[in-house]
$ cat protein37.csv   # CSV, C-alpha atoms
chain,number,residue,atom,x,y,z
G,23,MET,CA,90.1,-28.7,-84.2
G,24,THR,CA,92.4,-26.7,-82.0
G,25,PRO,CA,91.3,-26.7,-78.3
G,26,PRO,CA,90.6,-23.3,-76.8
G,27,GLN,CA,93.0,-21.5,-74.4
G,28,TRP,CA,91.3,-22.1,-71.1
G,29,PHE,CA,93.6,-20.2,-68.8
G,30,ARG,CA,96.9,-18.3,-68.4
G,31,ASN,CA,99.8,-20.0,-66.6
G,32,ASP,CA,99.2,-17.9,-63.5
G,33,VAL,CA,96.1,-19.9,-62.7
G,34,CYS,CA,97.6,-23.2,-63.8
G,35,SER,CA,98.2,-25.5,-60.8
G,36,VAL,CA,101.0,-27.3,-62.6
G,37,ALA,CA,102.8,-24.0,-63.2
G,38,ARG,CA,102.1,-22.9,-59.7
G,39,THR,CA,103.6,-26.1,-58.3
G,40,LEU,CA,106.7,-25.7,-60.5
G,41,GLU,CA,107.2,-22.2,-59.0
G,42,VAL,CA,107.9,-24.1,-55.7
G,43,MET,CA,109.2,-27.5,-56.8
G,44,GLY,CA,110.5,-26.9,-60.3
G,45,GLU,CA,114.2,-27.0,-59.5
G,46,ARG,CA,116.4,-30.0,-59.7
G,47,TRP,CA,118.1,-29.8,-56.3
G,48,THR,CA,114.8,-29.2,-54.6
G,49,VAL,CA,113.4,-32.4,-56.0
G,50,MET,CA,116.6,-34.3,-55.0
G,51,VAL,CA,116.1,-33.0,-51.4
G,52,MET,CA,112.5,-34.2,-51.5
G,53,ARG,CA,113.6,-37.6,-52.8
G,54,GLU,CA,116.0,-38.0,-49.9
G,55,ALA,CA,113.4,-36.8,-47.4
G,56,PHE,CA,111.1,-39.6,-48.7
G,57,LEU,CA,113.9,-42.1,-48.2
G,58,GLY,CA,114.2,-41.0,-44.6
G,59,THR,CA,117.0,-38.4,-44.7
G,60,ARG,CA,116.6,-35.7,-42.1
G,61,ARG,CA,119.9,-34.2,-41.3
G,62,PHE,CA,121.8,-31.5,-43.2
G,63,ASP,CA,125.0,-33.6,-43.5
G,64,ALA,CA,123.1,-36.6,-44.8
G,65,PHE,CA,121.2,-34.4,-47.4
G,66,LEU,CA,124.6,-33.0,-48.4
G,67,ARG,CA,126.1,-36.4,-48.9
G,68,ASN,CA,123.2,-38.0,-50.6
G,69,THR,CA,122.1,-35.3,-53.0
G,70,GLY,CA,125.6,-34.2,-53.9
G,71,ALA,CA,124.4,-30.6,-53.8
G,72,ALA,CA,126.8,-27.8,-52.8
G,73,ARG,CA,126.5,-26.7,-49.2
G,74,ASN,CA,125.1,-23.2,-50.0
G,75,ILE,CA,122.6,-24.6,-52.6
G,76,LEU,CA,121.4,-27.2,-50.1
G,77,SER,CA,121.0,-24.6,-47.4
G,78,ASP,CA,119.0,-22.4,-49.7
G,79,ARG,CA,116.7,-25.2,-50.9
G,80,LEU,CA,116.0,-26.4,-47.4
G,81,SER,CA,115.2,-22.9,-46.2
G,82,LYS,CA,112.8,-22.4,-49.1
G,83,LEU,CA,111.1,-25.7,-48.4
G,84,VAL,CA,110.7,-24.6,-44.7
G,85,GLU,CA,109.4,-21.2,-45.9
G,86,HIS,CA,106.8,-22.9,-48.1
G,87,GLY,CA,105.7,-25.1,-45.2
G,88,ILE,CA,106.8,-28.3,-47.0
G,89,MET,CA,109.4,-29.1,-44.4
G,90,GLU,CA,109.9,-28.1,-40.8
G,91,ARG,CA,113.1,-27.6,-39.0
G,92,ARG,CA,113.3,-29.2,-35.5
G,93,LEU,CA,116.0,-29.0,-32.9
G,94,TYR,CA,117.2,-32.5,-32.1
G,95,ASN,CA,120.3,-31.6,-30.1
G,96,GLU,CA,120.7,-28.6,-27.8
G,97,ARG,CA,124.5,-28.4,-27.2
G,98,PRO,CA,125.6,-27.8,-29.9
G,99,PRO,CA,122.3,-26.9,-31.5
G,100,ARG,CA,121.5,-29.3,-34.3
G,101,TYR,CA,118.4,-29.3,-36.4
G,102,GLU,CA,116.7,-31.9,-38.6
G,103,TYR,CA,114.3,-31.4,-41.5
G,104,ARG,CA,111.1,-33.3,-41.6
G,105,LEU,CA,108.3,-33.3,-44.1
G,106,THR,CA,105.0,-31.7,-43.1
G,107,LYS,CA,101.7,-33.0,-44.4
G,108,LYS,CA,102.0,-30.5,-47.3
G,109,GLY,CA,105.4,-32.1,-48.0
G,110,VAL,CA,104.2,-35.7,-47.7
G,111,ASP,CA,101.5,-34.8,-50.2
G,112,LEU,CA,104.2,-34.4,-52.9
G,113,TYR,CA,104.9,-38.1,-52.7
G,114,PRO,CA,102.7,-38.9,-55.8
G,115,ALA,CA,104.6,-36.5,-57.9
G,116,ILE,CA,108.0,-38.0,-56.9
G,117,VAL,CA,106.8,-41.5,-57.3
G,118,ALA,CA,105.4,-40.7,-60.8
G,119,LEU,CA,108.8,-39.3,-61.9
G,120,MET,CA,110.5,-42.3,-60.4
G,121,ARG,CA,108.2,-44.8,-62.1
G,122,TRP,CA,108.6,-43.1,-65.5
G,123,GLY,CA,112.4,-43.1,-65.1
G,124,ASP,CA,112.4,-46.7,-64.1
G,125,THR,CA,110.4,-47.6,-67.2
G,126,TYR,CA,111.9,-45.3,-69.9
G,127,LEU,CA,115.4,-44.3,-68.7
G,128,PRO,CA,116.5,-47.5,-67.0
G,129,THR,CA,120.1,-48.1,-65.9
G,130,GLU,CA,121.9,-51.2,-67.0
G,131,MET,CA,121.7,-52.4,-63.4
G,132,GLY,CA,118.0,-51.8,-63.0
G,133,PRO,CA,116.3,-49.6,-60.5
G,134,ALA,CA,118.0,-48.0,-57.5
G,135,VAL,CA,114.9,-48.1,-55.3
G,136,LEU,CA,112.2,-50.7,-54.9
G,137,LEU,CA,109.0,-49.9,-53.1
G,138,GLU,CA,107.0,-52.1,-50.8
G,139,HIS,CA,103.4,-51.3,-49.8
G,140,THR,CA,103.8,-52.6,-46.2
G,141,PRO,CA,100.1,-53.2,-45.4
G,142,CYS,CA,99.9,-55.8,-48.1
G,143,GLY,CA,103.6,-56.6,-48.5
G,144,HIS,CA,103.4,-56.1,-52.3
G,145,MET,CA,106.5,-54.8,-54.1
G,146,GLY,CA,105.8,-52.3,-56.8
G,147,THR,CA,105.3,-48.6,-57.6
G,148,PRO,CA,101.8,-47.3,-56.9
G,149,VAL,CA,99.7,-46.2,-59.9
G,150,LEU,CA,96.8,-43.9,-60.4
G,151,PHE,CA,93.3,-45.1,-59.7
G,152,CYS,CA,89.9,-43.3,-59.8
G,153,GLU,CA,88.8,-42.7,-56.2
G,154,HIS,CA,85.2,-43.3,-57.1
G,155,CYS,CA,85.2,-46.5,-59.1
G,156,ARG,CA,88.6,-47.7,-57.8
G,157,GLU,CA,89.7,-48.7,-61.3
G,158,PRO,CA,93.2,-48.0,-62.7
G,159,ILE,CA,93.4,-44.8,-64.8
G,160,ASP,CA,93.9,-44.9,-68.5
G,161,PRO,CA,94.8,-41.2,-69.4
G,162,ARG,CA,92.7,-41.5,-72.5
G,163,ASP,CA,89.7,-42.0,-70.2
G,164,MET,CA,90.2,-38.7,-68.4
G,165,ARG,CA,88.4,-35.6,-69.8
G,166,ALA,CA,89.4,-32.1,-68.8
G,167,HIS,CA,86.7,-29.6,-68.2
G,168,PRO,CA,87.3,-25.9,-67.6
G,169,GLY,CA,87.2,-25.1,-63.9
G,170,PRO,CA,86.1,-21.8,-62.2
G,171,ALA,CA,89.5,-20.2,-62.9
G,172,ALA,CA,89.3,-21.0,-66.6
G,173,GLU,CA,88.7,-18.0,-68.9
G,174,ASN,CA,88.2,-17.3,-72.5
G,175,VAL,CA,86.3,-20.6,-72.8
G,176,VAL,CA,85.4,-21.4,-76.3
G,177,ASN,CA,83.4,-24.5,-77.3
G,178,ALA,CA,83.8,-25.9,-73.9
A,11,MET,CA,119.7,-42.9,-37.3
A,12,THR,CA,120.8,-41.4,-40.6
A,13,PRO,CA,119.8,-43.6,-43.5
A,14,PRO,CA,122.6,-44.8,-45.8
A,15,GLN,CA,123.4,-43.3,-49.1
A,16,TRP,CA,122.0,-45.9,-51.5
A,17,PHE,CA,123.0,-44.5,-54.8
A,18,ARG,CA,124.4,-41.5,-56.7
A,19,ASN,CA,122.1,-39.3,-58.7
A,20,ASP,CA,123.1,-40.9,-62.0
A,21,VAL,CA,121.2,-44.0,-61.2
A,22,CYS,CA,118.3,-42.2,-59.6
A,23,SER,CA,115.2,-42.5,-61.8
A,24,VAL,CA,113.8,-39.2,-60.4
A,25,ALA,CA,117.0,-37.4,-61.4
A,26,ARG,CA,117.1,-39.1,-64.8
A,27,THR,CA,113.5,-38.1,-65.5
A,28,LEU,CA,114.3,-34.5,-64.6
A,29,GLU,CA,117.1,-34.5,-67.2
A,30,VAL,CA,114.3,-34.8,-69.7
A,31,MET,CA,111.3,-33.2,-68.1
A,32,GLY,CA,112.8,-30.8,-65.5
A,33,GLU,CA,112.3,-27.6,-67.3
A,34,ARG,CA,109.3,-25.3,-66.9
A,35,TRP,CA,108.3,-24.8,-70.6
A,36,THR,CA,108.7,-28.5,-71.3
A,37,VAL,CA,106.1,-29.2,-68.6
A,38,MET,CA,103.8,-26.5,-69.9
A,39,VAL,CA,104.0,-28.1,-73.3
A,40,MET,CA,103.1,-31.5,-71.8
A,41,ARG,CA,100.2,-29.9,-69.9
A,42,GLU,CA,98.8,-28.5,-73.1
A,43,ALA,CA,99.3,-31.8,-74.9
A,44,PHE,CA,97.2,-33.5,-72.3
A,45,LEU,CA,94.5,-30.8,-72.7
A,46,GLY,CA,94.4,-31.8,-76.4
A,47,THR,CA,96.7,-29.2,-78.0
A,48,ARG,CA,98.5,-30.5,-81.1
A,49,ARG,CA,99.5,-27.6,-83.3
A,50,PHE,CA,102.5,-25.2,-83.0
A,51,ASP,CA,100.4,-22.0,-83.0
A,52,ALA,CA,98.1,-23.4,-80.3
A,53,PHE,CA,101.0,-24.4,-78.1
A,54,LEU,CA,102.5,-20.9,-78.7
A,55,ARG,CA,99.3,-19.2,-77.6
A,56,ASN,CA,98.4,-21.5,-74.7
A,57,THR,CA,101.8,-21.8,-73.1
A,58,GLY,CA,102.9,-18.2,-73.6
A,59,ALA,CA,106.4,-19.5,-74.5
A,60,ALA,CA,108.6,-17.6,-76.9
A,61,ARG,CA,108.6,-19.1,-80.4
A,62,ASN,CA,112.2,-20.2,-80.3
A,63,ILE,CA,111.8,-21.8,-76.9
A,64,LEU,CA,108.7,-23.6,-77.9
A,65,SER,CA,110.4,-24.9,-81.0
A,66,ASP,CA,113.3,-26.1,-79.0
A,67,ARG,CA,111.2,-27.9,-76.4
A,68,LEU,CA,109.0,-29.6,-79.0
A,69,SER,CA,112.1,-30.8,-80.9
A,70,LYS,CA,113.5,-32.2,-77.7
A,71,LEU,CA,110.3,-34.0,-76.8
A,72,VAL,CA,110.3,-35.5,-80.3
A,73,GLU,CA,114.0,-36.5,-80.0
A,74,HIS,CA,113.2,-38.2,-76.7
A,75,GLY,CA,110.3,-40.1,-78.2
A,76,ILE,CA,107.8,-38.4,-76.0
A,77,MET,CA,106.0,-36.7,-78.9
A,78,GLU,CA,105.8,-37.4,-82.5
A,79,ARG,CA,105.5,-34.9,-85.4
A,80,ARG,CA,102.9,-35.7,-88.0
A,81,LEU,CA,102.2,-34.0,-91.3
A,82,TYR,CA,98.5,-33.0,-91.3
A,83,ASN,CA,98.5,-30.7,-94.3
A,84,GLU,CA,100.6,-31.1,-97.4
A,85,ARG,CA,100.3,-27.7,-99.1
A,86,PRO,CA,101.7,-25.8,-97.3
A,87,PRO,CA,103.3,-28.5,-95.1
A,88,ARG,CA,101.9,-28.3,-91.6
A,89,TYR,CA,102.8,-30.6,-88.7
A,90,GLU,CA,101.1,-31.5,-85.5
A,91,TYR,CA,102.7,-32.9,-82.3
A,92,ARG,CA,101.1,-35.9,-80.6
A,93,LEU,CA,102.0,-37.7,-77.5
A,94,THR,CA,103.4,-41.2,-77.9
A,95,LYS,CA,102.9,-44.0,-75.3
A,96,LYS,CA,106.0,-42.8,-73.6
A,97,GLY,CA,104.5,-39.3,-73.5
A,98,VAL,CA,101.1,-40.4,-72.3
A,99,ASP,CA,102.9,-42.3,-69.4
A,100,LEU,CA,103.9,-38.9,-68.0
A,101,TYR,CA,100.2,-38.2,-67.2
A,102,PRO,CA,100.6,-39.4,-63.5
A,103,ALA,CA,103.4,-36.9,-63.0
A,104,ILE,CA,101.4,-34.0,-64.5
A,105,VAL,CA,98.3,-34.9,-62.6
A,106,ALA,CA,100.2,-35.2,-59.3
A,107,LEU,CA,101.7,-31.7,-59.8
A,108,MET,CA,98.2,-30.3,-60.6
A,109,ARG,CA,96.5,-31.9,-57.7
A,110,TRP,CA,99.1,-30.6,-55.3
A,111,GLY,CA,98.8,-27.1,-56.7
A,112,ASP,CA,95.0,-27.3,-56.5
A,113,THR,CA,95.3,-28.2,-52.9
A,114,TYR,CA,98.1,-26.1,-51.6
A,115,LEU,CA,98.5,-23.1,-54.0
A,116,PRO,CA,94.8,-22.5,-54.9
A,117,THR,CA,93.8,-19.4,-56.8
A,118,GLU,CA,90.9,-17.3,-55.4
A,119,MET,CA,88.7,-18.5,-58.2
A,120,GLY,CA,89.4,-22.2,-57.6
A,121,PRO,CA,91.0,-24.7,-60.1
A,122,ALA,CA,91.4,-24.0,-63.8
A,123,VAL,CA,90.8,-27.6,-64.8
A,124,LEU,CA,88.4,-30.2,-63.5
A,125,LEU,CA,88.9,-33.9,-64.5
A,126,GLU,CA,86.3,-36.4,-65.3
A,127,HIS,CA,86.9,-40.2,-65.3
A,128,THR,CA,84.7,-40.9,-68.3
A,129,PRO,CA,84.1,-44.6,-67.7
A,130,CYS,CA,82.4,-43.9,-64.4
A,131,GLY,CA,81.5,-40.2,-64.9
A,132,HIS,CA,83.2,-39.2,-61.6
A,133,MET,CA,84.8,-35.8,-61.4
A,134,GLY,CA,88.0,-35.7,-59.5
A,135,THR,CA,91.7,-36.0,-59.7
A,136,PRO,CA,93.1,-39.6,-59.7
A,137,VAL,CA,95.1,-40.8,-56.7
A,138,LEU,CA,97.7,-43.4,-56.0
A,139,PHE,CA,96.6,-46.9,-55.3
A,140,CYS,CA,98.5,-50.1,-54.7
A,141,GLU,CA,98.1,-52.3,-57.8
A,142,HIS,CA,98.1,-55.4,-55.7
A,143,CYS,CA,95.6,-54.7,-52.9
A,144,ARG,CA,93.8,-51.9,-54.7
A,145,GLU,CA,93.8,-49.7,-51.6
A,146,PRO,CA,94.7,-45.9,-51.6
A,147,ILE,CA,98.4,-45.3,-50.8
A,148,ASP,CA,99.4,-43.5,-47.5
A,149,PRO,CA,103.0,-42.5,-48.2
A,150,ARG,CA,103.9,-43.6,-44.6
A,151,ASP,CA,103.0,-47.1,-45.6
A,152,MET,CA,105.5,-47.2,-48.4
A,153,ARG,CA,108.9,-48.7,-47.5
A,154,ALA,CA,111.9,-48.1,-49.9
A,155,HIS,CA,114.3,-51.0,-50.4
A,156,PRO,CA,117.6,-50.7,-52.2
A,157,GLY,CA,117.3,-52.0,-55.8
A,158,PRO,CA,119.9,-53.6,-58.0
A,159,ALA,CA,121.4,-50.3,-58.9
A,160,ALA,CA,121.9,-49.2,-55.3
A,161,GLU,CA,125.4,-49.2,-53.9
A,162,ASN,CA,127.1,-48.6,-50.6
A,163,VAL,CA,124.2,-50.2,-48.9
A,164,VAL,CA,124.6,-50.0,-45.1
A,165,ASN,CA,122.0,-51.5,-42.7
A,166,ALA,CA,119.7,-52.3,-45.6
$ encode --input "protein37.csv" --output "structure tokens"
Amino acid sequence: MTPPQWFRNDVCSVARTLEVMGERWTVMVMREAFLGTRRFDAFLRNTGAARNILSDRLSKLVEHGIMERRLYNERPPRYEYRLTKKGVDLYPAIVALMRWGDTYLPTEMGPAVLLEHTPCGHMGTPVLFCEHCREPIDPRDMRAHPGPAAENVVNA
Amino acid sequence: MTPPQWFRNDVCSVARTLEVMGERWTVMVMREAFLGTRRFDAFLRNTGAARNILSDRLSKLVEHGIMERRLYNERPPRYEYRLTKKGVDLYPAIVALMRWGDTYLPTEMGPAVLLEHTPCGHMGTPVLFCEHCREPIDPRDMRAHPGPAAENVVNA
């Protein structure tokens, strides 16, 4: 009846991702980056984070290779923060959180952000599909199997 | 150059979702629920959470309507925790965190979990598609527009 323990948290990719992204201000910074924010003062204004917290979170995102810091003005030196490929690949996670919030925790006014898929012009939040059969995913149709890092596999 | 501030965090669906899900143990509990765990002792073993923390997180998930508590044994009374529709709809967020971790924070042994889309038998992690044109999403092709809850919209 009870499923086996497959792994400890240290090999869980969800847990590992949370080590990097599992902090509110970090996620707010990523949201802003996806909305096009690049400069420190704009992150400061738009996230509402305290200056020292924002500075710390941006530095950590740079350390992790999720953002890169680029000089955009020489005198005085001014930097902007841009998402790397590793950073852009967090888009599905941010979109998933946004879609769930839009659905289950709506404001009286409706959503703050609407998304357009520019190649087709459709407004709407992307959803999960199977890459192989290109059908939308019903979570009940997904079966988890133990991967190579799984351990203590019982009845798998 | 700098994008406008569209909204404050209190109308941001990402921020609102983090109010409910933005805590490590809560996410670990959800991961286990998606792997099929239902009973308190199995959550305890598989997440590694302390008993009081697990109890608190499960109660909050029930309060938020993400899980429901069901009696499965009368003498002695024993309960299991099952995802509601609202809970199942967090699957894309968990899968996105897992996929990113598998890609960018891999263990030496590889992934702990492999996913199968049972209707087509394909192994792989689902990805974002546009519901309209049914093409995979490139985040650079998504344009954000201010929604009804946006405010202080400049140059929108």
$ closest_atom_pairs --input "protein37.csv" --of "range 72-127 of chain A" --to "range 103-122 of chain G" --cutoff "9 Å" --atoms "all atoms listed in the file" --output "JSON lines"
{"residue": "A:Lys96", "atom": "CA", "partner": "G:Trp122", "partner_atom": "CA", "distance": 8.5}
{"residue": "A:Asp99", "atom": "CA", "partner": "G:Trp122", "partner_atom": "CA", "distance": 7.0}
{"residue": "A:Leu100", "atom": "CA", "partner": "G:Trp122", "partner_atom": "CA", "distance": 6.8}
{"residue": "A:Tyr101", "atom": "CA", "partner": "G:Ala118", "partner_atom": "CA", "distance": 8.6}
{"residue": "A:Pro102", "atom": "CA", "partner": "G:Ala118", "partner_atom": "CA", "distance": 5.7}
{"residue": "A:Ala103", "atom": "CA", "partner": "G:Ala118", "partner_atom": "CA", "distance": 4.8}
{"residue": "A:Ile104", "atom": "CA", "partner": "G:Ala115", "partner_atom": "CA", "distance": 7.7}
{"residue": "A:Val105", "atom": "CA", "partner": "G:Ala115", "partner_atom": "CA", "distance": 8.0}
{"residue": "A:Ala106", "atom": "CA", "partner": "G:Ala115", "partner_atom": "CA", "distance": 4.8}
{"residue": "A:Leu107", "atom": "CA", "partner": "G:Ala115", "partner_atom": "CA", "distance": 5.9}
{"residue": "A:Trp110", "atom": "CA", "partner": "G:Leu112", "partner_atom": "CA", "distance": 6.8}
{"residue": "A:Tyr114", "atom": "CA", "partner": "G:Lys108", "partner_atom": "CA", "distance": 7.3}
$ interface_residues --input "protein37.csv" --of "chain G" --to "chain A" --cutoff "6 Å" --atoms "only C-alpha atoms" --output "PDB file with C-alpha atoms, in the coordinates of the input"
ATOM      1  CA  PRO G  25      91.300 -26.700 -78.300  1.00  0.00           C
ATOM      2  CA  GLN G  27      93.000 -21.500 -74.400  1.00  0.00           C
ATOM      3  CA  SER G  35      98.200 -25.500 -60.800  1.00  0.00           C
ATOM      4  CA  VAL G  36     101.000 -27.300 -62.600  1.00  0.00           C
ATOM      5  CA  THR G  39     103.600 -26.100 -58.300  1.00  0.00           C
ATOM      6  CA  ASN G  68     123.200 -38.000 -50.600  1.00  0.00           C
ATOM      7  CA  PRO G 114     102.700 -38.900 -55.800  1.00  0.00           C
ATOM      8  CA  ALA G 115     104.600 -36.500 -57.900  1.00  0.00           C
ATOM      9  CA  ALA G 118     105.400 -40.700 -60.800  1.00  0.00           C
ATOM     10  CA  LEU G 119     108.800 -39.300 -61.900  1.00  0.00           C
ATOM     11  CA  MET G 120     110.500 -42.300 -60.400  1.00  0.00           C
ATOM     12  CA  GLY G 123     112.400 -43.100 -65.100  1.00  0.00           C
ATOM     13  CA  ASP G 124     112.400 -46.700 -64.100  1.00  0.00           C
ATOM     14  CA  MET G 131     121.700 -52.400 -63.400  1.00  0.00           C
ATOM     15  CA  GLY G 132     118.000 -51.800 -63.000  1.00  0.00           C
ATOM     16  CA  PRO G 133     116.300 -49.600 -60.500  1.00  0.00           C
ATOM     17  CA  ALA G 134     118.000 -48.000 -57.500  1.00  0.00           C
ATOM     18  CA  VAL G 135     114.900 -48.100 -55.300  1.00  0.00           C
ATOM     19  CA  LEU G 136     112.200 -50.700 -54.900  1.00  0.00           C
ATOM     20  CA  LEU G 137     109.000 -49.900 -53.100  1.00  0.00           C
ATOM     21  CA  GLU G 138     107.000 -52.100 -50.800  1.00  0.00           C
ATOM     22  CA  HIS G 139     103.400 -51.300 -49.800  1.00  0.00           C
ATOM     23  CA  THR G 140     103.800 -52.600 -46.200  1.00  0.00           C
ATOM     24  CA  PRO G 148     101.800 -47.300 -56.900  1.00  0.00           C
ATOM     25  CA  VAL G 149      99.700 -46.200 -59.900  1.00  0.00           C
ATOM     26  CA  LEU G 150      96.800 -43.900 -60.400  1.00  0.00           C
ATOM     27  CA  PHE G 151      93.300 -45.100 -59.700  1.00  0.00           C
ATOM     28  CA  CYS G 152      89.900 -43.300 -59.800  1.00  0.00           C
ATOM     29  CA  ASP G 163      89.700 -42.000 -70.200  1.00  0.00           C
ATOM     30  CA  MET G 164      90.200 -38.700 -68.400  1.00  0.00           C
ATOM     31  CA  ARG G 165      88.400 -35.600 -69.800  1.00  0.00           C
ATOM     32  CA  ALA G 166      89.400 -32.100 -68.800  1.00  0.00           C
ATOM     33  CA  HIS G 167      86.700 -29.600 -68.200  1.00  0.00           C
ATOM     34  CA  PRO G 168      87.300 -25.900 -67.600  1.00  0.00           C
ATOM     35  CA  GLY G 169      87.200 -25.100 -63.900  1.00  0.00           C
ATOM     36  CA  PRO G 170      86.100 -21.800 -62.200  1.00  0.00           C
ATOM     37  CA  ALA G 171      89.500 -20.200 -62.900  1.00  0.00           C
ATOM     38  CA  ALA G 172      89.300 -21.000 -66.600  1.00  0.00           C
TER      39      ALA G 172
END
$ axis_aligned_box --input "protein37.csv" --around "range 87-96 of chain G" --padding-each-side "8 Å" --output "lines of an AutoDock Vina configuration file"
center_x = 113.2
center_y = -28.8
center_z = -37.4
size_x = 31.0
size_y = 23.4
size_z = 35.2
$ atom_distance --input "protein37.csv" --atom1 "CA of Leu80 in chain G" --atom2 "CA of Phe62 in chain G"
8.8 Å
$ atom_distance --input "protein37.csv" --atom1 "CA of Arg91 in chain G" --atom2 "CA of Asp78 in chain G"
13.3 Å
$ atom_distance --input "protein37.csv" --atom1 "CA of Thr48 in chain G" --atom2 "CA of Leu76 in chain G"
8.2 Å
$ build_atoms --input "protein37.csv" --residues "range 14-20 of chain A" --atoms "all heavy atoms" --output "CSV table (one decimal), in the coordinates of the input"
chain,number,residue,atom,x,y,z
A,14,PRO,N,121.4,-44.7,-44.9
A,14,PRO,CA,122.6,-44.8,-45.8
A,14,PRO,C,122.4,-44.1,-47.1
A,14,PRO,O,121.3,-43.8,-47.5
A,14,PRO,CB,122.8,-46.3,-46.0
A,14,PRO,CG,121.4,-46.8,-45.9
A,14,PRO,CD,120.7,-46.0,-44.9
A,15,GLN,N,123.5,-43.8,-47.8
A,15,GLN,CA,123.4,-43.3,-49.1
A,15,GLN,C,123.3,-44.6,-50.0
A,15,GLN,O,124.2,-45.4,-50.0
A,15,GLN,CB,124.7,-42.6,-49.6
A,15,GLN,CG,124.5,-42.1,-51.0
A,15,GLN,CD,125.7,-41.4,-51.5
A,15,GLN,OE1,126.9,-41.6,-51.1
A,15,GLN,NE2,125.5,-40.4,-52.4
A,16,TRP,N,122.2,-44.7,-50.7
A,16,TRP,CA,122.0,-45.9,-51.5
A,16,TRP,C,122.6,-45.8,-52.9
A,16,TRP,O,122.9,-46.8,-53.5
A,16,TRP,CB,120.5,-46.1,-51.7
A,16,TRP,CG,119.9,-46.7,-50.4
A,16,TRP,CD1,120.5,-47.1,-49.3
A,16,TRP,CD2,118.5,-46.9,-50.2
A,16,TRP,NE1,119.6,-47.5,-48.4
A,16,TRP,CE2,118.3,-47.4,-48.9
A,16,TRP,CE3,117.3,-46.7,-51.0
A,16,TRP,CZ2,117.1,-47.7,-48.4
A,16,TRP,CZ3,116.1,-47.0,-50.5
A,16,TRP,CH2,116.0,-47.5,-49.2
A,17,PHE,N,122.6,-44.6,-53.4
A,17,PHE,CA,123.0,-44.5,-54.8
A,17,PHE,C,123.4,-43.0,-55.1
A,17,PHE,O,123.1,-42.1,-54.3
A,17,PHE,CB,121.8,-44.8,-55.7
A,17,PHE,CG,120.5,-44.2,-55.3
A,17,PHE,CD1,120.2,-42.8,-55.7
A,17,PHE,CD2,119.6,-44.8,-54.5
A,17,PHE,CE1,119.1,-42.2,-55.3
A,17,PHE,CE2,118.4,-44.2,-54.1
A,17,PHE,CZ,118.1,-42.9,-54.5
A,18,ARG,N,124.1,-42.9,-56.2
A,18,ARG,CA,124.4,-41.5,-56.7
A,18,ARG,C,123.2,-41.1,-57.6
A,18,ARG,O,122.4,-41.9,-58.1
A,18,ARG,CB,125.7,-41.5,-57.5
A,18,ARG,CG,126.9,-41.9,-56.6
A,18,ARG,CD,128.2,-41.6,-57.3
A,18,ARG,NE,128.1,-42.0,-58.7
A,18,ARG,CZ,128.5,-43.2,-59.2
A,18,ARG,NH1,128.9,-44.1,-58.4
A,18,ARG,NH2,128.4,-43.4,-60.5
A,19,ASN,N,123.2,-39.8,-57.9
A,19,ASN,CA,122.1,-39.3,-58.7
A,19,ASN,C,122.0,-39.9,-60.1
A,19,ASN,O,121.0,-39.9,-60.7
A,19,ASN,CB,122.2,-37.7,-58.8
A,19,ASN,CG,121.9,-37.1,-57.5
A,19,ASN,OD1,121.2,-37.6,-56.6
A,19,ASN,ND2,122.3,-35.8,-57.3
A,20,ASP,N,123.2,-40.4,-60.6
A,20,ASP,CA,123.1,-40.9,-62.0
A,20,ASP,C,122.4,-42.2,-62.2
A,20,ASP,O,122.0,-42.5,-63.3
A,20,ASP,CB,124.6,-41.0,-62.6
A,20,ASP,CG,125.4,-41.9,-61.8
A,20,ASP,OD1,125.0,-42.4,-60.7
A,20,ASP,OD2,126.5,-42.2,-62.3
